[in-house]
Amino acid sequence: MPFLHLIRKLLCPKATVAVEEQEPGEPASIKQRGWRQWSFVSPRDVQSVLRGTPGGAGLPELAKDARLLVVSQSCDLVHDCYASEPVAEAYLCEPLAPDAQPNGNHTAGKNPRELHVSFAADGAAHWYRIHSNGRVLLPRHALAGVDPDPSLVVPDPSVRVLQRWIINRVVRTAFPDAFNQRTRRARGKLEDRLKKAGTHLLGLYVSVSSWEELGDDEVYEIDFVGLVDEGLGEGERQGLVKALGDIAAAYEKSDGVSVLDYRVEGEDEAPMSLLRTHRLFPLDYLSLRDSPGGELPSLS
């Protein structure tokens, strides 16, 4: 018997049993029921699926129409060994009130703690709210006993938003403490100018000469790039240029900081190297677009 097969059999003896011989609670049932990444646990099954989940008592009180959105990769969901993949990752989702509009600050993955995202039901878009504290690791075997909810679907644009939001929880830009201390006042100017003039901004990228803590005699050199739609009108574009100029001037006045350049570039102008040389400035608290669902650029 091959060594890897032997190890697999020792860890999960039932994993080698033919699919047709497995009981409903076995991993094969998860695949047979149609579970995959971005499937929903229906409201009627949420409580039973969460029963016994570690940390379940600390979750917020659930609305009666709350669902669970499974975010684990499909290959992990249908893995044939519970010992190797004992849990599935999911987020609680609650619909916004019928007359409520999504908060622009919480769309497109801008805010790492709360996300407003649209799902599709009966051919129409329905907005849902997801909180970071609504993340759960549910026992994967619980999915073997229930069917996914077919009434709600995550459209492709929302998949990209969800991916960005989940990634942003881990990889969003963090500046050195020394940089933050030196630019505290300048950041107030940045917030003020972008709240007034940043409607058409897709994202603000920044390059810093060092991402380490610098001594008092060393200078942080920075470069700002505002990314916009390629079809943005000249008037709106010049408004952003002026806003970035005001921001750059405020940073230039900070002790131990020097602004090398600032500019606005369209998506068709910005080089791919921008993703290597610059990082997306964290703007969790700002709405960079008026319309819900306006997308920020990739974080990778």
# chains A, B, ... in the order shown; residues from 1 in each chain; ligands from 1
$ residues_around --residues "A:Ile222" --least-positions-apart "3" --cutoff "12 Å" --atoms "only C-alpha atoms" --output "MDAnalysis selection string"
chainID A and resid 175 179 183 205:211 219 225 247:249 251:252 254 256:262 277:279 281
$ write_last_selection --atoms "N, CA and C atoms" --output "PDB file, in the first residue's frame"
ATOM      1  N   PHE A 175       1.168  52.076   8.155  1.00  0.00           N
ATOM      2  CA  PHE A 175       2.347  52.933   8.137  1.00  0.00           C
ATOM      3  C   PHE A 175       3.142  52.788   9.437  1.00  0.00           C
ATOM      4  N   PHE A 179       5.952  57.647  11.058  1.00  0.00           N
ATOM      5  CA  PHE A 179       5.299  58.320   9.943  1.00  0.00           C
ATOM      6  C   PHE A 179       3.936  58.847  10.366  1.00  0.00           C
ATOM      7  N   THR A 183       2.734  62.875  10.474  1.00  0.00           N
ATOM      8  CA  THR A 183       1.729  63.311   9.488  1.00  0.00           C
ATOM      9  C   THR A 183       0.316  63.378  10.075  1.00  0.00           C
ATOM     10  N   TYR A 205      -3.065  55.758  -4.123  1.00  0.00           N
ATOM     11  CA  TYR A 205      -1.872  54.953  -3.928  1.00  0.00           C
ATOM     12  C   TYR A 205      -0.747  55.828  -3.396  1.00  0.00           C
ATOM     13  N   VAL A 206       0.079  55.240  -2.549  1.00  0.00           N
ATOM     14  CA  VAL A 206       1.171  56.002  -1.947  1.00  0.00           C
ATOM     15  C   VAL A 206       2.438  55.153  -1.934  1.00  0.00           C
ATOM     16  N   SER A 207       3.545  55.810  -2.221  1.00  0.00           N
ATOM     17  CA  SER A 207       4.862  55.201  -2.094  1.00  0.00           C
ATOM     18  C   SER A 207       5.610  55.932  -0.991  1.00  0.00           C
ATOM     19  N   VAL A 208       6.209  55.185  -0.083  1.00  0.00           N
ATOM     20  CA  VAL A 208       6.989  55.760   1.007  1.00  0.00           C
ATOM     21  C   VAL A 208       8.409  55.207   0.902  1.00  0.00           C
ATOM     22  N   SER A 209       9.394  56.085   1.065  1.00  0.00           N
ATOM     23  CA  SER A 209      10.784  55.671   0.876  1.00  0.00           C
ATOM     24  C   SER A 209      11.208  54.580   1.844  1.00  0.00           C
ATOM     25  N   SER A 210      10.572  54.516   3.001  1.00  0.00           N
ATOM     26  CA  SER A 210      10.859  53.452   3.958  1.00  0.00           C
ATOM     27  C   SER A 210       9.584  53.111   4.714  1.00  0.00           C
ATOM     28  N   TRP A 211       9.356  51.819   4.897  1.00  0.00           N
ATOM     29  CA  TRP A 211       8.220  51.355   5.684  1.00  0.00           C
ATOM     30  C   TRP A 211       8.666  50.941   7.081  1.00  0.00           C
ATOM     31  N   VAL A 219      14.335  61.257   6.899  1.00  0.00           N
ATOM     32  CA  VAL A 219      13.157  61.827   6.240  1.00  0.00           C
ATOM     33  C   VAL A 219      12.394  60.751   5.470  1.00  0.00           C
ATOM     34  N   VAL A 225      -0.427  58.947  -5.894  1.00  0.00           N
ATOM     35  CA  VAL A 225      -1.058  58.743  -7.200  1.00  0.00           C
ATOM     36  C   VAL A 225      -2.543  58.503  -6.965  1.00  0.00           C
ATOM     37  N   ILE A 247      -3.320  68.296  -0.408  1.00  0.00           N
ATOM     38  CA  ILE A 247      -2.878  67.233   0.495  1.00  0.00           C
ATOM     39  C   ILE A 247      -1.353  67.165   0.527  1.00  0.00           C
ATOM     40  N   ALA A 248      -0.735  67.237  -0.658  1.00  0.00           N
ATOM     41  CA  ALA A 248       0.725  67.181  -0.731  1.00  0.00           C
ATOM     42  C   ALA A 248       1.359  68.346   0.015  1.00  0.00           C
ATOM     43  N   ALA A 249       0.761  69.517  -0.096  1.00  0.00           N
ATOM     44  CA  ALA A 249       1.293  70.693   0.607  1.00  0.00           C
ATOM     45  C   ALA A 249       1.238  70.504   2.118  1.00  0.00           C
ATOM     46  N   TYR A 251       1.309  67.607   3.712  1.00  0.00           N
ATOM     47  CA  TYR A 251       2.326  66.620   4.094  1.00  0.00           C
ATOM     48  C   TYR A 251       3.723  67.224   4.019  1.00  0.00           C
ATOM     49  N   GLU A 252       3.946  68.108   3.071  1.00  0.00           N
ATOM     50  CA  GLU A 252       5.261  68.738   2.919  1.00  0.00           C
ATOM     51  C   GLU A 252       5.605  69.582   4.147  1.00  0.00           C
ATOM     52  N   SER A 254       4.937  68.799   7.147  1.00  0.00           N
ATOM     53  CA  SER A 254       5.200  67.926   8.292  1.00  0.00           C
ATOM     54  C   SER A 254       6.698  67.757   8.485  1.00  0.00           C
ATOM     55  N   GLY A 256      10.109  66.090   8.960  1.00  0.00           N
ATOM     56  CA  GLY A 256      10.632  64.780   8.614  1.00  0.00           C
ATOM     57  C   GLY A 256       9.917  64.103   7.470  1.00  0.00           C
ATOM     58  N   VAL A 257       9.196  64.892   6.651  1.00  0.00           N
ATOM     59  CA  VAL A 257       8.469  64.350   5.505  1.00  0.00           C
ATOM     60  C   VAL A 257       8.726  65.220   4.288  1.00  0.00           C
ATOM     61  N   SER A 258       8.962  64.586   3.150  1.00  0.00           N
ATOM     62  CA  SER A 258       9.158  65.307   1.891  1.00  0.00           C
ATOM     63  C   SER A 258       8.304  64.661   0.803  1.00  0.00           C
ATOM     64  N   VAL A 259       7.549  65.483   0.084  1.00  0.00           N
ATOM     65  CA  VAL A 259       6.702  64.977  -0.995  1.00  0.00           C
ATOM     66  C   VAL A 259       7.470  65.052  -2.305  1.00  0.00           C
ATOM     67  N   LEU A 260       7.701  63.910  -2.910  1.00  0.00           N
ATOM     68  CA  LEU A 260       8.421  63.871  -4.175  1.00  0.00           C
ATOM     69  C   LEU A 260       7.533  64.274  -5.342  1.00  0.00           C
ATOM     70  N   ASP A 261       6.280  63.816  -5.320  1.00  0.00           N
ATOM     71  CA  ASP A 261       5.394  64.096  -6.453  1.00  0.00           C
ATOM     72  C   ASP A 261       3.961  63.727  -6.061  1.00  0.00           C
ATOM     73  N   TYR A 262       3.009  64.251  -6.822  1.00  0.00           N
ATOM     74  CA  TYR A 262       1.609  63.845  -6.718  1.00  0.00           C
ATOM     75  C   TYR A 262       1.004  63.988  -8.111  1.00  0.00           C
ATOM     76  N   THR A 277       5.243  49.349  -6.833  1.00  0.00           N
ATOM     77  CA  THR A 277       5.965  50.461  -6.216  1.00  0.00           C
ATOM     78  C   THR A 277       5.130  51.215  -5.186  1.00  0.00           C
ATOM     79  N   HIS A 278       3.808  51.117  -5.283  1.00  0.00           N
ATOM     80  CA  HIS A 278       2.916  51.862  -4.397  1.00  0.00           C
ATOM     81  C   HIS A 278       1.961  50.906  -3.678  1.00  0.00           C
ATOM     82  N   ARG A 279       1.414  51.387  -2.577  1.00  0.00           N
ATOM     83  CA  ARG A 279       0.421  50.638  -1.818  1.00  0.00           C
ATOM     84  C   ARG A 279      -0.861  51.465  -1.729  1.00  0.00           C
ATOM     85  N   PHE A 281      -3.618  53.411  -0.175  1.00  0.00           N
ATOM     86  CA  PHE A 281      -3.743  54.159   1.073  1.00  0.00           C
ATOM     87  C   PHE A 281      -5.022  53.712   1.785  1.00  0.00           C
TER      88      PHE A 281
END
$ closest_atom_pairs --of "stretch 146-169 of chain A" --to "stretch 25-48 of chain A" --cutoff "9 Å" --atoms "only C-alpha atoms" --output "Markdown table"
| residue | atom | partner | partner_atom | distance |
| --- | --- | --- | --- | --- |
| A:Val146 | CA | A:Asp45 | CA | 7.3 |
| A:Asp147 | CA | A:Arg33 | CA | 5.6 |
| A:Pro148 | CA | A:Val41 | CA | 5.4 |
| A:Asp149 | CA | A:Ser42 | CA | 4.9 |
| A:Pro150 | CA | A:Phe40 | CA | 7.7 |
| A:Ser151 | CA | A:Ser42 | CA | 8.7 |
| A:Leu152 | CA | A:Phe40 | CA | 7.2 |
| A:Val153 | CA | A:Ser39 | CA | 7.5 |
| A:Val154 | CA | A:Trp38 | CA | 6.5 |
| A:Val159 | CA | A:Trp38 | CA | 7.9 |
$ select_by_dssp --residues "stretch 184-261 of chain A" --states "alpha helix (DSSP H)" --output "number ranges by chain"
A: 184-197, 234-252
$ write_last_selection --atoms "C-alpha atoms" --output "PDB file, in the first residue's frame"
ATOM      1  CA  ARG A 184      -1.121  63.413  12.020  1.00  0.00           C
ATOM      2  CA  ARG A 185      -2.155  66.970  11.117  1.00  0.00           C
ATOM      3  CA  ALA A 186      -1.659  66.392   7.403  1.00  0.00           C
ATOM      4  CA  ARG A 187      -3.958  63.398   7.532  1.00  0.00           C
ATOM      5  CA  GLY A 188      -6.715  65.696   8.773  1.00  0.00           C
ATOM      6  CA  LYS A 189      -6.271  67.734   5.568  1.00  0.00           C
ATOM      7  CA  LEU A 190      -6.351  64.520   3.517  1.00  0.00           C
ATOM      8  CA  GLU A 191      -9.637  63.460   5.114  1.00  0.00           C
ATOM      9  CA  ASP A 192     -11.189  66.888   4.593  1.00  0.00           C
ATOM     10  CA  ARG A 193     -10.162  67.259   0.950  1.00  0.00           C
ATOM     11  CA  LEU A 194     -11.120  63.734  -0.117  1.00  0.00           C
ATOM     12  CA  LYS A 195     -14.513  63.911   1.570  1.00  0.00           C
ATOM     13  CA  LYS A 196     -15.223  67.004  -0.518  1.00  0.00           C
ATOM     14  CA  ALA A 197     -13.439  66.179  -3.766  1.00  0.00           C
ATOM     15  CA  GLU A 234     -11.358  67.023 -17.436  1.00  0.00           C
ATOM     16  CA  GLY A 235     -13.137  69.231 -14.926  1.00  0.00           C
ATOM     17  CA  GLU A 236     -13.513  66.447 -12.369  1.00  0.00           C
ATOM     18  CA  ARG A 237      -9.936  65.373 -12.991  1.00  0.00           C
ATOM     19  CA  GLN A 238      -8.556  68.847 -12.381  1.00  0.00           C
ATOM     20  CA  GLY A 239     -10.583  69.046  -9.182  1.00  0.00           C
ATOM     21  CA  LEU A 240      -8.805  65.931  -7.964  1.00  0.00           C
ATOM     22  CA  VAL A 241      -5.421  67.314  -9.007  1.00  0.00           C
ATOM     23  CA  LYS A 242      -6.079  70.407  -6.903  1.00  0.00           C
ATOM     24  CA  ALA A 243      -7.205  68.273  -3.949  1.00  0.00           C
ATOM     25  CA  LEU A 244      -4.046  66.156  -4.162  1.00  0.00           C
ATOM     26  CA  GLY A 245      -1.980  69.337  -4.385  1.00  0.00           C
ATOM     27  CA  ASP A 246      -3.534  70.591  -1.146  1.00  0.00           C
ATOM     28  CA  ILE A 247      -2.878  67.233   0.495  1.00  0.00           C
ATOM     29  CA  ALA A 248       0.725  67.181  -0.731  1.00  0.00           C
ATOM     30  CA  ALA A 249       1.293  70.693   0.607  1.00  0.00           C
ATOM     31  CA  ALA A 250       0.024  69.639   4.037  1.00  0.00           C
ATOM     32  CA  TYR A 251       2.326  66.620   4.094  1.00  0.00           C
ATOM     33  CA  GLU A 252       5.261  68.738   2.919  1.00  0.00           C
TER      34      GLU A 252
END
$ residues_around --residues "A:Pro282" --least-positions-apart "6" --cutoff "9 Å" --atoms "only C-alpha atoms" --output "ChimeraX atom specification"
/A:110,172-174,204
$ atom_distance --atom1 "atom CA of A:Ile166" --atom2 "atom CA of A:Gly109"
8.2 Å
$ closest_residue --among "A:Gln73, A:Asn103, A:Thr199, A:Ser132" --to "A:Val170" --atoms "only C-alpha atoms"
A:Ser132
$ atom_distance --atom1 "atom CA of A:Pro112" --atom2 "atom CA of A:Gly134"
12.4 Å
$ select_by_dssp --residues "stretch 84-290 of chain A" --states "strand (DSSP E)" --output "number ranges by chain"
A: 87-95, 114-121, 124-131, 135-139, 201-208, 220-228, 257-266, 279-280
$ residues_around --residues "A:Pro86" --least-positions-apart "4" --cutoff "7 Å" --atoms "only C-alpha atoms" --output "list in words"
Tyr82, Pro139 and Arg140 of chain A
$ write_last_selection --atoms "N, CA and C atoms" --output "PDB file, in the first residue's frame"
ATOM      1  N   TYR A  82     -12.748  14.673   7.253  1.00  0.00           N
ATOM      2  CA  TYR A  82     -13.072  15.686   8.266  1.00  0.00           C
ATOM      3  C   TYR A  82     -11.871  16.012   9.147  1.00  0.00           C
ATOM      4  N   PRO A 139     -18.637  23.582  12.119  1.00  0.00           N
ATOM      5  CA  PRO A 139     -18.215  22.204  11.860  1.00  0.00           C
ATOM      6  C   PRO A 139     -18.668  21.780  10.462  1.00  0.00           C
ATOM      7  N   ARG A 140     -17.721  21.351   9.646  1.00  0.00           N
ATOM      8  CA  ARG A 140     -18.034  21.080   8.244  1.00  0.00           C
ATOM      9  C   ARG A 140     -19.075  19.968   8.102  1.00  0.00           C
TER      10      ARG A 140
END
